[in-house]
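These notes are about the structure you will find just below.
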Amino acid sequence: MLNKLNQFPESFRSTVGLVGLIIIIFFTFFVLNIFYGPDKNIELKIVEQKKMQEKTNELIETLPRGGIKFLCLSRLLGEKGLREYAQAAKIVKNKFPDVEFNLIGPEDSSLDAILLNEVDTWSDYINYKGSTDDVRPYIKDSHVYVLPSYHEGLPRSTLEAMSMGRPVLTTNAVGCKETVEEGING
């Protein structure tokens with residue numbers, strides 16, 4: 001067949017090749033349409049949206065009852081933004097007294113450590129719960145996770161909070177911003 005096609009002028013052969021390619025493309029779309037249908041993408045999007053709504057409903061069911069609860073898990077260090085967390089808590093609590101701000105984390109011995117005496121001065125607006133080996137019950141009992149840190153590696157605490165379906169408020173600092181997609185999970 002190829003030898004017979006060579007008998008024709010180049011312009012005719014390229015036209016036949018182009019027509020053949022168009023026929024192959026058309027046939028491919030025709031076959032795909034038979035197997036997958038013209039609206040499969042729309043159906044898949046509807047199924048995906050339904051699954052996302054179901055997952056959202058599941059997560060909403062896991063939220064604690066009562067007023068809004070914020071949670072910060074951190075070693076007691078200034079560079080973790082705990083003083084800023086305390087200032088924000090004070091402002092919000094003045095306007096919305098039922099909102100809770102919880103802080104969990106161990107003391108630290110570095111130069112930037114925040115002493116327990118200072119943490120105690122925040123007691124009107126922050127509930128300091130001490131240290132824990134298991135953060136899950138605290139995350140489960142919160143609505144929003146907060147990490148106001150100045151810098152992080154890859155903050156495990158935000159990953160833990162997101163794995164339990166909690167939105168994250170964090171800074172635009174290196175490490176923190178890599179775990180959050182604005183408007184999606186924080």
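Labels used: A, B, ... for chains in the order of the structure tokens, numbers from 1 for residues in each chain, and numbers from 1 for ligands as shown.
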Report task. Excluding range 72-82 of chain A and any residue of its chain fewer than 5 positions from it, enumerate the residues within 7 Å of it, using only C-alpha atoms, and give them as a ChimeraX atom specification. Result -> /A:102-108,112-114,145-150,157
Report task. Per DSSP on the backbone, filter range 60-160 of chain A down to the residues in strand (DSSP E) and report them as a list in words. Result -> Lys69, Phe70, Leu71, Cys72, Leu73, Glu100, Phe101, Asn102, Leu103, Ile104, Asn127, Tyr128, Val144, Tyr145, Val146 and Leu147 of chain A
Those same residues, written as a compact mmCIF listing (two decimals), in the first residue's frame with N, CA, C and O atoms?
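Contents of again.txt, freshly written:
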# COMPACT_ATOMS: atom_id res chain seq x y z
N LYS A 69 -13.60 27.23 70.19
CA LYS A 69 -12.38 26.97 70.96
C LYS A 69 -11.17 26.99 70.02
O LYS A 69 -11.13 26.26 69.04
N PHE A 70 -10.21 27.85 70.37
CA PHE A 70 -8.95 27.91 69.65
C PHE A 70 -7.91 27.13 70.44
O PHE A 70 -7.94 27.11 71.67
N LEU A 71 -6.96 26.54 69.73
CA LEU A 71 -5.93 25.75 70.38
C LEU A 71 -4.57 26.09 69.78
O LEU A 71 -4.43 26.18 68.56
N CYS A 72 -3.59 26.24 70.66
CA CYS A 72 -2.20 26.41 70.23
C CYS A 72 -1.36 25.38 70.99
O CYS A 72 -1.41 25.32 72.22
N LEU A 73 -0.62 24.57 70.25
CA LEU A 73 0.31 23.59 70.83
C LEU A 73 1.72 24.09 70.56
O LEU A 73 2.10 24.26 69.41
N GLU A 100 -13.04 30.44 73.69
CA GLU A 100 -11.96 29.90 74.52
C GLU A 100 -10.65 29.87 73.74
O GLU A 100 -10.63 29.54 72.56
N PHE A 101 -9.57 30.19 74.43
CA PHE A 101 -8.22 30.09 73.87
C PHE A 101 -7.42 29.16 74.77
O PHE A 101 -7.25 29.45 75.96
N ASN A 102 -6.96 28.05 74.23
CA ASN A 102 -6.21 27.08 75.00
C ASN A 102 -4.78 27.01 74.50
O ASN A 102 -4.51 27.14 73.31
N LEU A 103 -3.89 26.80 75.44
CA LEU A 103 -2.46 26.67 75.15
C LEU A 103 -1.95 25.42 75.83
O LEU A 103 -2.19 25.21 77.02
N ILE A 104 -1.26 24.60 75.06
CA ILE A 104 -0.68 23.37 75.59
C ILE A 104 0.75 23.28 75.13
O ILE A 104 1.05 23.48 73.95
N ASN A 127 -6.33 29.64 78.59
CA ASN A 127 -6.29 28.49 79.50
C ASN A 127 -5.01 27.70 79.20
O ASN A 127 -4.93 27.04 78.16
N TYR A 128 -4.04 27.78 80.09
CA TYR A 128 -2.82 27.00 79.92
C TYR A 128 -3.05 25.64 80.54
O TYR A 128 -3.33 25.52 81.72
N VAL A 144 -10.53 25.42 66.00
CA VAL A 144 -9.51 26.02 65.14
C VAL A 144 -8.15 25.84 65.79
O VAL A 144 -7.99 26.08 66.99
N TYR A 145 -7.18 25.43 64.98
CA TYR A 145 -5.81 25.31 65.47
C TYR A 145 -5.03 26.56 65.08
O TYR A 145 -5.14 27.05 63.95
N VAL A 146 -4.23 27.08 66.00
CA VAL A 146 -3.47 28.32 65.77
C VAL A 146 -1.98 28.04 65.99
O VAL A 146 -1.60 27.47 67.02
N LEU A 147 -1.15 28.46 65.03
CA LEU A 147 0.30 28.40 65.20
C LEU A 147 0.89 29.74 64.74
O LEU A 147 1.15 29.94 63.56
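Backbone DSSP of range 63-123 of chain A yields helix (DSSP H, G or I) at Gly78, Glu79, Lys80, Leu82, Arg83, Glu84, Tyr85, Ala86, Gln87, Ala88, Ala89, Lys90, Ile91, Val92, Lys93, Asn94, Lys95, Leu116, Asn117, Glu118, Val119 and Asp120 of chain A.
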Can those selected residues be exported to a file as a PDB file, in the first residue's frame so that it contains N, CA, C and O atoms?
ATOM      1  N   GLY A  78       9.115  32.541  72.955  1.00  0.00           N
ATOM      2  CA  GLY A  78       8.686  33.772  72.302  1.00  0.00           C
ATOM      3  C   GLY A  78       8.628  33.635  70.795  1.00  0.00           C
ATOM      4  O   GLY A  78       7.713  34.164  70.147  1.00  0.00           O
ATOM      5  N   GLU A  79       9.580  32.917  70.202  1.00  0.00           N
ATOM      6  CA  GLU A  79       9.634  32.770  68.740  1.00  0.00           C
ATOM      7  C   GLU A  79       8.461  31.968  68.178  1.00  0.00           C
ATOM      8  O   GLU A  79       8.235  31.961  66.976  1.00  0.00           O
ATOM      9  N   LYS A  80       7.722  31.324  69.039  1.00  0.00           N
ATOM     10  CA  LYS A  80       6.536  30.579  68.601  1.00  0.00           C
ATOM     11  C   LYS A  80       5.317  31.492  68.490  1.00  0.00           C
ATOM     12  O   LYS A  80       4.229  31.048  68.129  1.00  0.00           O
ATOM     13  N   LEU A  82       3.736  33.121  70.926  1.00  0.00           N
ATOM     14  CA  LEU A  82       2.768  32.948  72.016  1.00  0.00           C
ATOM     15  C   LEU A  82       2.321  34.281  72.613  1.00  0.00           C
ATOM     16  O   LEU A  82       1.167  34.407  73.041  1.00  0.00           O
ATOM     17  N   ARG A  83       3.191  35.259  72.643  1.00  0.00           N
ATOM     18  CA  ARG A  83       2.777  36.583  73.151  1.00  0.00           C
ATOM     19  C   ARG A  83       1.739  37.197  72.217  1.00  0.00           C
ATOM     20  O   ARG A  83       0.789  37.840  72.668  1.00  0.00           O
ATOM     21  N   GLU A  84       1.902  37.010  70.928  1.00  0.00           N
ATOM     22  CA  GLU A  84       0.928  37.503  69.951  1.00  0.00           C
ATOM     23  C   GLU A  84      -0.391  36.747  70.085  1.00  0.00           C
ATOM     24  O   GLU A  84      -1.471  37.332  69.963  1.00  0.00           O
ATOM     25  N   TYR A  85      -0.299  35.450  70.341  1.00  0.00           N
ATOM     26  CA  TYR A  85      -1.497  34.634  70.582  1.00  0.00           C
ATOM     27  C   TYR A  85      -2.248  35.167  71.804  1.00  0.00           C
ATOM     28  O   TYR A  85      -3.471  35.320  71.769  1.00  0.00           O
ATOM     29  N   ALA A  86      -1.494  35.510  72.842  1.00  0.00           N
ATOM     30  CA  ALA A  86      -2.102  36.054  74.065  1.00  0.00           C
ATOM     31  C   ALA A  86      -2.763  37.405  73.792  1.00  0.00           C
ATOM     32  O   ALA A  86      -3.883  37.669  74.266  1.00  0.00           O
ATOM     33  N   GLN A  87      -2.094  38.276  73.022  1.00  0.00           N
ATOM     34  CA  GLN A  87      -2.678  39.582  72.692  1.00  0.00           C
ATOM     35  C   GLN A  87      -3.970  39.412  71.884  1.00  0.00           C
ATOM     36  O   GLN A  87      -4.966  40.096  72.141  1.00  0.00           O
ATOM     37  N   ALA A  88      -3.931  38.523  70.915  1.00  0.00           N
ATOM     38  CA  ALA A  88      -5.122  38.279  70.093  1.00  0.00           C
ATOM     39  C   ALA A  88      -6.255  37.720  70.950  1.00  0.00           C
ATOM     40  O   ALA A  88      -7.413  38.131  70.816  1.00  0.00           O
ATOM     41  N   ALA A  89      -5.919  36.796  71.846  1.00  0.00           N
ATOM     42  CA  ALA A  89      -6.933  36.213  72.733  1.00  0.00           C
ATOM     43  C   ALA A  89      -7.582  37.290  73.592  1.00  0.00           C
ATOM     44  O   ALA A  89      -8.801  37.305  73.773  1.00  0.00           O
ATOM     45  N   LYS A  90      -6.768  38.198  74.106  1.00  0.00           N
ATOM     46  CA  LYS A  90      -7.293  39.273  74.952  1.00  0.00           C
ATOM     47  C   LYS A  90      -8.271  40.146  74.172  1.00  0.00           C
ATOM     48  O   LYS A  90      -9.361  40.473  74.667  1.00  0.00           O
ATOM     49  N   ILE A  91      -7.921  40.508  72.956  1.00  0.00           N
ATOM     50  CA  ILE A  91      -8.779  41.353  72.117  1.00  0.00           C
ATOM     51  C   ILE A  91     -10.097  40.646  71.808  1.00  0.00           C
ATOM     52  O   ILE A  91     -11.183  41.215  71.953  1.00  0.00           O
ATOM     53  N   VAL A  92     -10.002  39.400  71.401  1.00  0.00           N
ATOM     54  CA  VAL A  92     -11.206  38.645  71.027  1.00  0.00           C
ATOM     55  C   VAL A  92     -12.086  38.391  72.245  1.00  0.00           C
ATOM     56  O   VAL A  92     -13.314  38.542  72.182  1.00  0.00           O
ATOM     57  N   LYS A  93     -11.476  38.005  73.368  1.00  0.00           N
ATOM     58  CA  LYS A  93     -12.257  37.718  74.579  1.00  0.00           C
ATOM     59  C   LYS A  93     -12.999  38.955  75.079  1.00  0.00           C
ATOM     60  O   LYS A  93     -14.086  38.831  75.635  1.00  0.00           O
ATOM     61  N   ASN A  94     -12.425  40.145  74.897  1.00  0.00           N
ATOM     62  CA  ASN A  94     -13.116  41.371  75.300  1.00  0.00           C
ATOM     63  C   ASN A  94     -14.407  41.567  74.507  1.00  0.00           C
ATOM     64  O   ASN A  94     -15.397  42.071  75.030  1.00  0.00           O
ATOM     65  N   LYS A  95     -14.392  41.163  73.249  1.00  0.00           N
ATOM     66  CA  LYS A  95     -15.570  41.340  72.403  1.00  0.00           C
ATOM     67  C   LYS A  95     -16.487  40.119  72.432  1.00  0.00           C
ATOM     68  O   LYS A  95     -17.701  40.251  72.353  1.00  0.00           O
ATOM     69  N   LEU A 116       6.661  30.453  83.228  1.00  0.00           N
ATOM     70  CA  LEU A 116       5.292  30.185  83.665  1.00  0.00           C
ATOM     71  C   LEU A 116       4.658  31.394  84.356  1.00  0.00           C
ATOM     72  O   LEU A 116       3.440  31.584  84.269  1.00  0.00           O
ATOM     73  N   ASN A 117       5.483  32.219  85.019  1.00  0.00           N
ATOM     74  CA  ASN A 117       4.955  33.443  85.651  1.00  0.00           C
ATOM     75  C   ASN A 117       4.260  34.325  84.614  1.00  0.00           C
ATOM     76  O   ASN A 117       3.200  34.889  84.879  1.00  0.00           O
ATOM     77  N   GLU A 118       4.882  34.463  83.439  1.00  0.00           N
ATOM     78  CA  GLU A 118       4.277  35.275  82.379  1.00  0.00           C
ATOM     79  C   GLU A 118       3.014  34.601  81.837  1.00  0.00           C
ATOM     80  O   GLU A 118       2.009  35.269  81.609  1.00  0.00           O
ATOM     81  N   VAL A 119       3.076  33.303  81.641  1.00  0.00           N
ATOM     82  CA  VAL A 119       1.904  32.568  81.145  1.00  0.00           C
ATOM     83  C   VAL A 119       0.735  32.733  82.117  1.00  0.00           C
ATOM     84  O   VAL A 119      -0.410  32.902  81.696  1.00  0.00           O
ATOM     85  N   ASP A 120       1.020  32.725  83.415  1.00  0.00           N
ATOM     86  CA  ASP A 120      -0.030  32.901  84.427  1.00  0.00           C
ATOM     87  C   ASP A 120      -0.718  34.263  84.310  1.00  0.00           C
ATOM     88  O   ASP A 120      -1.897  34.393  84.629  1.00  0.00           O
TER      89      ASP A 120
END
Report task. Go through A:Phe96, A:Met164, A:Thr158, A:Leu115 one by one, measure the shortest atom-to-atom distance of each to Val180 in chain A using only C-alpha atoms, and give the residue with the smallest value. Result -> A:Thr158
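With only C-alpha atoms as the atoms that count, the minimum distance from Asp134 in chain A to the choices A:Leu63, A:Glu182, A:Glu160, A:Asn172 is reached by A:Glu160.
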Query raised in the report: Rounded to one decimal in Å, what is the spacing between CA of Lys140 in chain A and CA of Leu169 in chain A?
Result: 16.1 Å
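We find CA of His143 in chain A and CA of Val168 in chain A to be spaced 9.4 Å apart.
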Query raised in the report: With only C-alpha atoms as the atoms that count, which of A:Leu111, A:Gly183, A:Glu152, A:Leu159 lies nearest to Thr171 in chain A?
Result: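 Selected residue with least distance to Thr171 in chain A: A:Glu152.
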Report summary line: From CA of Ser142 in chain A to CA of Pro97 in chain A the spacing works out at 16.3 Å
Requested in this report: Tell me which of A:Val99, A:Ala161, A:Leu154, A:Cys176 sits closest to Ile126 in chain A, counting only C-alpha atoms.
Outcome: A:Val99
